[in-house]
$ cat input-v5.pdb   # PDB, C-alpha atoms
ATOM      1  CA  MET A   1      46.940  -4.077  24.917
ATOM      2  CA  ILE A   2      44.069  -5.598  26.908
ATOM      3  CA  GLU A   3      44.068  -9.343  27.578
ATOM      4  CA  PHE A   4      41.163 -11.535  28.721
ATOM      5  CA  THR A   5      40.803 -15.176  29.648
ATOM      6  CA  VAL A   6      37.259 -16.298  28.908
ATOM      7  CA  PRO A   7      35.478 -17.375  32.132
ATOM      8  CA  ASN A   8      33.157 -20.373  32.311
ATOM      9  CA  LYS A   9      30.020 -18.211  32.384
ATOM     10  CA  HIS A  10      30.872 -16.699  28.987
ATOM     11  CA  SER A  11      31.729 -19.945  27.238
ATOM     12  CA  GLY A  12      29.761 -20.320  23.997
ATOM     13  CA  LEU A  13      29.251 -16.606  23.407
ATOM     14  CA  ARG A  14      30.142 -14.961  20.114
ATOM     15  CA  LEU A  15      33.455 -13.139  20.322
ATOM     16  CA  ASP A  16      31.908  -9.710  19.720
ATOM     17  CA  ARG A  17      29.292 -10.365  22.401
ATOM     18  CA  PHE A  18      31.963 -11.465  24.890
ATOM     19  CA  LEU A  19      33.988  -8.318  24.226
ATOM     20  CA  ALA A  20      30.890  -6.118  24.523
ATOM     21  CA  LEU A  21      30.230  -7.567  27.990
ATOM     22  CA  SER A  22      33.886  -7.217  29.012
ATOM     23  CA  LEU A  23      34.393  -3.715  27.584
ATOM     24  CA  PRO A  24      31.148  -1.746  28.077
ATOM     25  CA  GLN A  25      32.936   1.487  27.122
ATOM     26  CA  PHE A  26      32.940   0.282  23.511
ATOM     27  CA  SER A  27      29.839  -0.163  21.393
ATOM     28  CA  ARG A  28      29.323  -3.588  19.842
ATOM     29  CA  ALA A  29      29.582  -2.052  16.375
ATOM     30  CA  ARG A  30      32.954  -0.507  17.279
ATOM     31  CA  LEU A  31      34.223  -3.851  18.591
ATOM     32  CA  GLN A  32      33.104  -5.617  15.430
ATOM     33  CA  GLU A  33      34.989  -3.012  13.427
ATOM     34  CA  LEU A  34      38.144  -3.558  15.531
ATOM     35  CA  ILE A  35      37.883  -7.332  15.005
ATOM     36  CA  ARG A  36      37.626  -6.837  11.246
ATOM     37  CA  GLN A  37      40.647  -4.503  11.355
ATOM     38  CA  GLY A  38      42.739  -7.246  12.977
ATOM     39  CA  ALA A  39      43.046  -5.431  16.319
ATOM     40  CA  VAL A  40      41.684  -8.487  18.165
ATOM     41  CA  THR A  41      43.285 -11.925  18.415
ATOM     42  CA  TRP A  42      41.629 -15.093  19.712
ATOM     43  CA  GLN A  43      43.934 -17.936  20.639
ATOM     44  CA  GLY A  44      46.662 -16.089  18.715
ATOM     45  CA  LYS A  45      44.611 -15.981  15.523
ATOM     46  CA  ILE A  46      42.755 -13.199  13.684
ATOM     47  CA  PRO A  47      39.095 -14.259  14.150
ATOM     48  CA  ARG A  48      35.696 -13.320  12.770
ATOM     49  CA  PRO A  49      33.224 -11.493  15.033
ATOM     50  CA  ARG A  50      30.888 -14.493  15.092
ATOM     51  CA  VAL A  51      33.394 -17.082  16.314
ATOM     52  CA  GLU A  52      32.311 -18.721  19.596
ATOM     53  CA  VAL A  53      34.689 -18.479  22.532
ATOM     54  CA  CYS A  54      35.296 -21.229  25.088
ATOM     55  CA  ALA A  55      36.309 -21.128  28.752
ATOM     56  CA  GLY A  56      40.061 -20.597  29.031
ATOM     57  CA  ASP A  57      40.451 -18.986  25.611
ATOM     58  CA  VAL A  58      42.767 -15.966  25.510
ATOM     59  CA  VAL A  59      41.501 -12.844  23.760
ATOM     60  CA  ARG A  60      43.687  -9.797  23.198
ATOM     61  CA  LEU A  61      42.635  -6.348  22.034
ATOM     62  CA  THR A  62      45.145  -3.777  20.813
ATOM     63  CA  GLU A  63      43.216  -0.591  20.171
ATOM     64  CA  PRO A  64      44.718   1.406  17.291
ATOM     65  CA  GLU A  65      45.599   5.051  17.709
ATOM     66  CA  PRO A  66      42.651   7.380  17.056
ATOM     67  CA  GLU A  67      42.275   8.030  13.339
ATOM     68  CA  PRO A  68      42.210  11.594  12.057
ATOM     69  CA  ILE A  69      38.674  12.919  11.813
ATOM     70  CA  GLU A  70      37.624  13.044   8.165
ATOM     71  CA  ALA A  71      34.329  14.882   8.547
ATOM     72  CA  GLN A  72      34.493  18.606   7.961
ATOM     73  CA  PRO A  73      32.933  21.266  10.210
ATOM     74  CA  GLU A  74      29.697  22.746   8.902
ATOM     75  CA  GLU A  75      27.744  25.664  10.278
ATOM     76  CA  ILE A  76      24.510  23.833  11.034
ATOM     77  CA  PRO A  77      22.329  25.276  13.830
ATOM     78  CA  LEU A  78      22.302  23.273  17.064
ATOM     79  CA  GLN A  79      19.970  23.520  20.041
ATOM     80  CA  ILE A  80      22.149  22.907  23.101
ATOM     81  CA  LEU A  81      20.330  21.652  26.208
ATOM     82  CA  PHE A  82      23.475  21.380  28.361
ATOM     83  CA  GLU A  83      27.198  21.903  27.851
ATOM     84  CA  ASP A  84      30.395  21.954  29.869
ATOM     85  CA  ASP A  85      34.040  20.984  29.296
ATOM     86  CA  ASP A  86      33.242  17.242  29.264
ATOM     87  CA  LEU A  87      30.045  16.801  27.304
ATOM     88  CA  LEU A  88      27.009  18.353  25.769
ATOM     89  CA  VAL A  89      23.376  17.331  25.305
ATOM     90  CA  VAL A  90      21.742  18.441  22.074
ATOM     91  CA  ASN A  91      18.155  18.442  20.845
ATOM     92  CA  LYS A  92      18.628  16.711  17.491
ATOM     93  CA  PRO A  93      16.110  17.769  14.856
ATOM     94  CA  ALA A  94      14.285  15.162  12.799
ATOM     95  CA  GLY A  95      15.835  14.597   9.377
ATOM     96  CA  LEU A  96      19.417  15.097  10.551
ATOM     97  CA  VAL A  97      21.671  12.024  10.216
ATOM     98  CA  VAL A  98      23.875  11.533  13.283
ATOM     99  CA  HIS A  99      27.215  10.702  11.629
ATOM    100  CA  PRO A 100      28.722  10.330   8.139
ATOM    101  CA  GLY A 101      28.255   7.022   6.375
ATOM    102  CA  ALA A 102      27.299   5.544   3.029
ATOM    103  CA  GLY A 103      25.256   8.161   1.204
ATOM    104  CA  ASN A 104      25.642  10.756   3.978
ATOM    105  CA  GLN A 105      29.158  12.170   3.977
ATOM    106  CA  GLU A 106      28.035  15.720   4.723
ATOM    107  CA  HIS A 107      25.348  17.670   6.567
ATOM    108  CA  THR A 108      25.273  15.393   9.635
ATOM    109  CA  LEU A 109      25.177  16.071  13.364
ATOM    110  CA  VAL A 110      28.911  15.273  13.519
ATOM    111  CA  ASN A 111      29.618  18.022  10.967
ATOM    112  CA  ALA A 112      27.619  20.449  13.108
ATOM    113  CA  LEU A 113      29.404  19.340  16.295
ATOM    114  CA  LEU A 114      32.829  19.801  14.742
ATOM    115  CA  HIS A 115      31.898  23.408  13.949
ATOM    116  CA  HIS A 116      30.624  23.959  17.478
ATOM    117  CA  CYS A 117      33.333  22.123  19.483
ATOM    118  CA  ALA A 118      37.096  22.319  19.240
ATOM    119  CA  ILE A 119      37.538  18.775  20.612
ATOM    120  CA  LEU A 120      35.408  15.608  20.606
ATOM    121  CA  SER A 121      36.189  12.120  21.913
ATOM    122  CA  GLY A 122      37.907   9.780  19.445
ATOM    123  CA  ILE A 123      36.635   6.413  20.689
ATOM    124  CA  GLY A 124      33.902   6.292  18.064
ATOM    125  CA  GLY A 125      36.440   6.373  15.244
ATOM    126  CA  LYS A 126      37.028   8.906  12.515
ATOM    127  CA  GLN A 127      33.391   8.988  11.365
ATOM    128  CA  ARG A 128      31.723   9.112  14.797
ATOM    129  CA  PRO A 129      33.722  11.511  17.008
ATOM    130  CA  GLY A 130      31.898  12.218  20.248
ATOM    131  CA  ILE A 131      28.955   9.944  19.441
ATOM    132  CA  VAL A 132      28.076   7.801  22.460
ATOM    133  CA  HIS A 133      24.620   6.713  21.254
ATOM    134  CA  ARG A 134      22.470   7.389  18.223
ATOM    135  CA  LEU A 135      18.973   8.358  17.181
ATOM    136  CA  ASP A 136      17.406   7.397  13.866
ATOM    137  CA  LYS A 137      17.476  10.065  11.175
ATOM    138  CA  GLN A 138      13.751  10.731  11.557
ATOM    139  CA  THR A 139      13.770  10.656  15.375
ATOM    140  CA  SER A 140      14.166  13.976  17.178
ATOM    141  CA  GLY A 141      15.241  14.845  20.688
ATOM    142  CA  ALA A 142      17.890  14.647  23.394
ATOM    143  CA  MET A 143      21.298  13.108  22.644
ATOM    144  CA  ALA A 144      24.478  13.094  24.736
ATOM    145  CA  VAL A 145      27.858  13.823  23.102
ATOM    146  CA  ALA A 146      31.285  13.269  24.700
ATOM    147  CA  LYS A 147      34.117  15.778  24.376
ATOM    148  CA  ASN A 148      36.834  13.465  25.720
ATOM    149  CA  ASP A 149      37.555   9.743  25.891
ATOM    150  CA  ALA A 150      37.106   9.417  29.663
ATOM    151  CA  THR A 151      33.604  10.883  29.427
ATOM    152  CA  HIS A 152      32.820   8.667  26.441
ATOM    153  CA  GLN A 153      33.903   5.522  28.294
ATOM    154  CA  GLU A 154      31.892   6.325  31.417
ATOM    155  CA  LEU A 155      28.727   7.246  29.496
ATOM    156  CA  SER A 156      29.071   4.044  27.448
ATOM    157  CA  ARG A 157      29.329   2.078  30.678
ATOM    158  CA  GLN A 158      26.187   3.719  32.033
ATOM    159  CA  PHE A 159      24.313   2.856  28.843
ATOM    160  CA  ALA A 160      25.584  -0.756  28.991
ATOM    161  CA  ASP A 161      24.639  -1.087  32.672
ATOM    162  CA  ARG A 162      21.224   0.477  32.029
ATOM    163  CA  GLU A 163      21.808   3.395  34.369
ATOM    164  CA  ILE A 164      20.617   5.980  31.826
ATOM    165  CA  THR A 165      17.082   7.377  32.048
ATOM    166  CA  LYS A 166      15.588   7.312  28.527
ATOM    167  CA  ILE A 167      12.020   8.573  28.148
ATOM    168  CA  TYR A 168      10.478   9.054  24.712
ATOM    169  CA  LEU A 169       7.213  10.490  23.453
ATOM    170  CA  THR A 170       5.552   9.006  20.417
ATOM    171  CA  LEU A 171       2.334   9.306  18.445
ATOM    172  CA  VAL A 172       0.830   5.968  17.480
ATOM    173  CA  THR A 173      -2.272   4.759  15.684
ATOM    174  CA  GLY A 174      -5.354   3.618  17.570
ATOM    175  CA  SER A 175      -6.657   3.605  21.121
ATOM    176  CA  PHE A 176      -5.174   1.388  23.824
ATOM    177  CA  ARG A 177      -7.200  -1.009  25.948
ATOM    178  CA  ARG A 178      -4.873  -0.385  28.872
ATOM    179  CA  SER A 179      -3.610   3.051  29.893
ATOM    180  CA  HIS A 180      -0.191   1.690  30.857
ATOM    181  CA  GLY A 181       1.877  -1.470  30.826
ATOM    182  CA  THR A 182       5.205  -3.141  30.173
ATOM    183  CA  ILE A 183       6.317  -4.798  26.947
ATOM    184  CA  ASP A 184       8.905  -7.420  27.810
ATOM    185  CA  ALA A 185       9.716  -9.079  24.481
ATOM    186  CA  SER A 186      13.076 -10.005  22.950
ATOM    187  CA  ILE A 187      14.043  -8.269  19.707
ATOM    188  CA  GLY A 188      16.129  -9.669  16.863
ATOM    189  CA  ARG A 189      16.607  -9.357  13.126
ATOM    190  CA  HIS A 190      13.456 -10.044  11.092
ATOM    191  CA  PRO A 191      13.772 -13.520   9.553
ATOM    192  CA  ILE A 192      12.771 -12.334   6.057
ATOM    193  CA  HIS A 193      13.090  -8.558   5.829
ATOM    194  CA  ARG A 194      16.710  -7.942   6.819
ATOM    195  CA  LYS A 195      16.299  -4.170   7.216
ATOM    196  CA  LYS A 196      13.679  -4.724   9.899
ATOM    197  CA  MET A 197      13.769  -5.917  13.483
ATOM    198  CA  ALA A 198      11.041  -8.021  15.051
ATOM    199  CA  VAL A 199       9.945  -9.591  18.314
ATOM    200  CA  ASN A 200      11.935 -12.821  18.309
ATOM    201  CA  PRO A 201      11.559 -14.919  21.487
ATOM    202  CA  GLU A 202      14.001 -17.625  20.357
ATOM    203  CA  HIS A 203      16.891 -15.691  18.843
ATOM    204  CA  GLY A 204      16.340 -12.101  19.960
ATOM    205  CA  ARG A 205      17.988 -10.132  22.764
ATOM    206  CA  SER A 206      16.033  -9.132  25.861
ATOM    207  CA  ALA A 207      14.171  -5.833  25.563
ATOM    208  CA  ARG A 208      11.795  -4.038  27.928
ATOM    209  CA  THR A 209       9.675  -0.938  27.367
ATOM    210  CA  ASP A 210       7.281   0.651  29.883
ATOM    211  CA  TYR A 211       4.490   2.660  28.258
ATOM    212  CA  ARG A 212       1.882   5.121  29.488
ATOM    213  CA  VAL A 213      -0.893   6.583  27.346
ATOM    214  CA  LEU A 214      -1.069  10.320  27.990
ATOM    215  CA  LYS A 215      -3.803  11.340  25.592
ATOM    216  CA  THR A 216      -5.946   9.981  22.723
ATOM    217  CA  ALA A 217      -7.778  11.958  20.051
ATOM    218  CA  GLY A 218      -8.951  11.265  16.505
ATOM    219  CA  GLY A 219      -7.600   7.728  16.449
ATOM    220  CA  VAL A 220      -4.099   8.822  17.523
ATOM    221  CA  SER A 221      -2.529   8.231  20.943
ATOM    222  CA  LEU A 222       0.265  10.165  22.615
ATOM    223  CA  VAL A 223       2.369   7.615  24.477
ATOM    224  CA  GLU A 224       5.253   8.010  26.924
ATOM    225  CA  CYS A 225       7.805   5.195  26.630
ATOM    226  CA  THR A 226      10.577   4.453  29.118
ATOM    227  CA  LEU A 227      13.364   2.256  27.783
ATOM    228  CA  HIS A 228      15.096  -0.270  30.034
ATOM    229  CA  SER A 229      17.260  -1.599  27.192
ATOM    230  CA  GLY A 230      18.620  -0.173  23.961
ATOM    231  CA  ARG A 231      17.731  -2.498  21.090
ATOM    232  CA  THR A 232      17.612  -1.267  17.504
ATOM    233  CA  HIS A 233      14.176   0.242  16.712
ATOM    234  CA  GLN A 234      12.960  -0.925  20.142
ATOM    235  CA  ILE A 235       9.975   1.402  20.613
ATOM    236  CA  ARG A 236       8.895   1.063  16.982
ATOM    237  CA  VAL A 237       9.047  -2.744  17.143
ATOM    238  CA  HIS A 238       7.385  -3.084  20.545
ATOM    239  CA  LEU A 239       4.468  -0.776  19.756
ATOM    240  CA  HIS A 240       3.999  -2.399  16.341
ATOM    241  CA  HIS A 241       3.887  -5.729  18.205
ATOM    242  CA  LEU A 242       1.010  -4.340  20.327
ATOM    243  CA  GLY A 243      -0.839  -3.340  17.160
ATOM    244  CA  HIS A 244      -0.122   0.401  17.486
ATOM    245  CA  PRO A 245       2.576   1.374  14.931
ATOM    246  CA  VAL A 246       4.293   4.718  15.326
ATOM    247  CA  LEU A 247       2.569   7.345  13.213
ATOM    248  CA  GLY A 248       4.518   8.054  10.033
ATOM    249  CA  ASP A 249       6.745   4.966  10.351
ATOM    250  CA  SER A 250       7.293   3.808   6.764
ATOM    251  CA  LEU A 251       9.152   0.657   7.853
ATOM    252  CA  TYR A 252       6.779  -0.794  10.456
ATOM    253  CA  GLY A 253       3.512   1.005   9.709
ATOM    254  CA  ARG A 254       0.966   0.691   6.907
ATOM    255  CA  ASN A 255       0.211   3.086   4.053
ATOM    256  CA  ARG A 256      -2.969   4.443   5.622
ATOM    257  CA  GLN A 257      -0.942   5.399   8.675
ATOM    258  CA  MET A 258       1.573   7.520   6.782
ATOM    259  CA  ALA A 259      -0.201  10.883   7.096
ATOM    260  CA  ALA A 260       2.555  12.288   9.345
ATOM    261  CA  PRO A 261       5.619  13.930   7.734
ATOM    262  CA  ARG A 262       8.016  11.489   9.471
ATOM    263  CA  GLN A 263       8.006   8.860  12.215
ATOM    264  CA  MET A 264       6.620  10.626  15.258
ATOM    265  CA  LEU A 265       9.213   9.574  17.830
ATOM    266  CA  HIS A 266      10.955  12.045  20.136
ATOM    267  CA  SER A 267      13.685  11.516  22.763
ATOM    268  CA  TRP A 268      12.012  13.639  25.436
ATOM    269  CA  LYS A 269      14.044  13.140  28.629
ATOM    270  CA  LEU A 270      17.618  11.924  29.068
ATOM    271  CA  GLY A 271      19.202  11.484  32.484
ATOM    272  CA  PHE A 272      22.608  10.221  33.593
ATOM    273  CA  THR A 273      25.335  10.714  36.170
ATOM    274  CA  HIS A 274      27.924  13.256  35.113
ATOM    275  CA  PRO A 275      31.165  11.280  34.601
ATOM    276  CA  ARG A 276      33.372  13.849  36.352
ATOM    277  CA  THR A 277      31.216  15.598  38.964
ATOM    278  CA  GLY A 278      28.996  12.655  39.953
ATOM    279  CA  ALA A 279      25.907  14.878  39.861
ATOM    280  CA  ARG A 280      22.734  13.601  38.238
ATOM    281  CA  LEU A 281      22.092  15.470  34.995
ATOM    282  CA  ASN A 282      18.570  15.505  33.540
ATOM    283  CA  SER A 283      17.762  17.118  30.196
ATOM    284  CA  GLU A 284      14.396  17.638  28.517
ATOM    285  CA  ALA A 285      13.932  18.345  24.808
ATOM    286  CA  ALA A 286      10.845  20.349  23.864
ATOM    287  CA  LEU A 287       8.505  18.818  21.305
ATOM    288  CA  PRO A 288       9.106  20.039  17.730
ATOM    289  CA  GLU A 289       6.291  21.717  15.837
ATOM    290  CA  ASP A 290       5.767  18.874  13.341
ATOM    291  CA  PHE A 291       5.105  16.514  16.263
ATOM    292  CA  ARG A 292       2.539  18.851  17.788
ATOM    293  CA  ALA A 293       0.882  19.446  14.420
ATOM    294  CA  SER A 294       0.484  15.705  13.800
ATOM    295  CA  PHE A 295      -1.666  15.171  16.897
ATOM    296  CA  PRO A 296      -5.394  15.897  16.306
ATOM    297  CA  GLY A 297      -5.715  17.855  19.504
ATOM    298  CA  THR A 298      -3.801  20.074  21.928
ATOM    299  CA  LEU A 299      -0.594  18.789  23.487
ATOM    300  CA  ASP A 300       0.070  20.277  26.910
ATOM    301  CA  LEU A 301       2.974  18.567  28.669
ATOM    302  CA  GLU A 302       4.035  21.350  30.996
ATOM    303  CA  SER A 303       1.880  20.099  33.887
ATOM    304  CA  ARG A 304       3.091  16.472  33.657
TER     305      ARG A 304
END
$ encode --input "input-v5.pdb" --output "structure tokens"
Amino acid sequence: MIEFTVPNKHSGLRLDRFLALSLPQFSRARLQELIRQGAVTWQGKIPRPRVEVCAGDVVRLTEPEPEPIEAQPEEIPLQILFEDDDLLVVNKPAGLVVHPGAGNQEHTLVNALLHHCAILSGIGGKQRPGIVHRLDKQTSGAMAVAKNDATHQELSRQFADREITKIYLTLVTGSFRRSHGTIDASIGRHPIHRKKMAVNPEHGRSARTDYRVLKTAGGVSLVECTLHSGRTHQIRVHLHHLGHPVLGDSLYGRNRQMAAPRQMLHSWKLGFTHPRTGARLNSEAALPEDFRASFPGTLDLESR
């Protein structure tokens, strides 16, 4: 059991937000799930995730034993960028769902990982073994996977403390006035369309994206984006906010911009400190063919 007394600086926060700040090794979604399961008490009561805590409140978390993994191994090809006894980095193809969920109980990255690895970390629960962070179904590229709980906790901490290097490539509509810049705009749930996120200065959470235009041809720009936060749909929302939706993005784009086979977003470079060795590990995922084919010109990244 883990026990906290809420400090003055965290008074007024939602319970799930307070726990996310206090336990960076857990994702906020995982903590919300634990609260709903009754594994968290607040002032001796079973609370809701949205309850606001006050200074001096006592919060206790009793993490349940890891649940048996329900997903079944499937022989799905994986491109491994790095692997050792603690973790692996994979180049996830577009179209592959990361973990089982409603409507996707099979044929996910987790199913492929279970076939490839004998052991994965259990912190993510029975449906997300090994999954430290996620990519959208239609986003391709580098993803880190933990093989044990210690690795999972340390990688989660690095993500929470923004120590992870996350560089994406994307194809967007239109030409930019500036070749580079920073988008510093809070992101929150869209006030009307609940499946969408939006720039929300009043109720959103801080989000920062650095961008650099690498090439423009035929009304399409190749843009490098460096993330300094990890908000849902961050790159898609920020570039849409600038007036340059991601090519092929059916949620944030417009019909005339849907010529691409999927949203052209690729996790290109992923860097972090290895949890056991302390060495800096940098992985690069090559661009998939559908990404290259969607740009009306030649993409040569080797010299960059």
$ residues_around --input "input-v5.pdb" --residues "Gln25 (chain A)" --least-positions-apart "5" --cutoff "8 Å" --atoms "only C-alpha atoms" --output "list in words"
His152, Gln153, Glu154, Leu155, Ser156, Arg157 and Ala160 of chain A
$ residues_around --input "input-v5.pdb" --residues "Cys225 (chain A)" --least-positions-apart "4" --cutoff "8 Å" --atoms "all atoms listed in the file" --output "compact mmCIF listing (two decimals) with C-alpha atoms, in the coordinates of the input"
# COMPACT_ATOMS: atom_id res chain seq x y z
CA ILE A 167 12.02 8.57 28.15
CA TYR A 168 10.48 9.05 24.71
CA LEU A 169 7.21 10.49 23.45
CA THR A 170 5.55 9.01 20.42
CA THR A 209 9.68 -0.94 27.37
CA ASP A 210 7.28 0.65 29.88
CA TYR A 211 4.49 2.66 28.26
CA ARG A 212 1.88 5.12 29.49
CA ILE A 235 9.98 1.40 20.61
$ closest_residue --input "input-v5.pdb" --among "A:Leu23, A:Leu15, A:Leu287, A:Ile2" --to "Ile46 (chain A)" --atoms "all atoms listed in the file"
A:Leu15
$ atom_distance --input "input-v5.pdb" --atom1 "CA of Ser27 (chain A)" --atom2 "CA of Leu61 (chain A)"
14.2 Å
$ closest_residue --input "input-v5.pdb" --among "A:Gly141, A:Gly188, A:Pro24, A:Gly230" --to "Leu265 (chain A)" --atoms "only C-alpha atoms"
A:Gly141
$ residues_around --input "input-v5.pdb" --residues "Pro47 (chain A)" --least-positions-apart "3" --cutoff "9 Å" --atoms "only C-alpha atoms" --output "VMD selection string"
chain A and resid 15 35 to 36 38 40 to 43 50 to 51
$ resolve_selection --input "input-v5.pdb" --expression "the PyMOL selection byres ((chain A and resi 75-80) around 9)" --output "NGL selection string"
:A and (73-74 or 81-83 or 88-93 or 107-109 or 111-116)
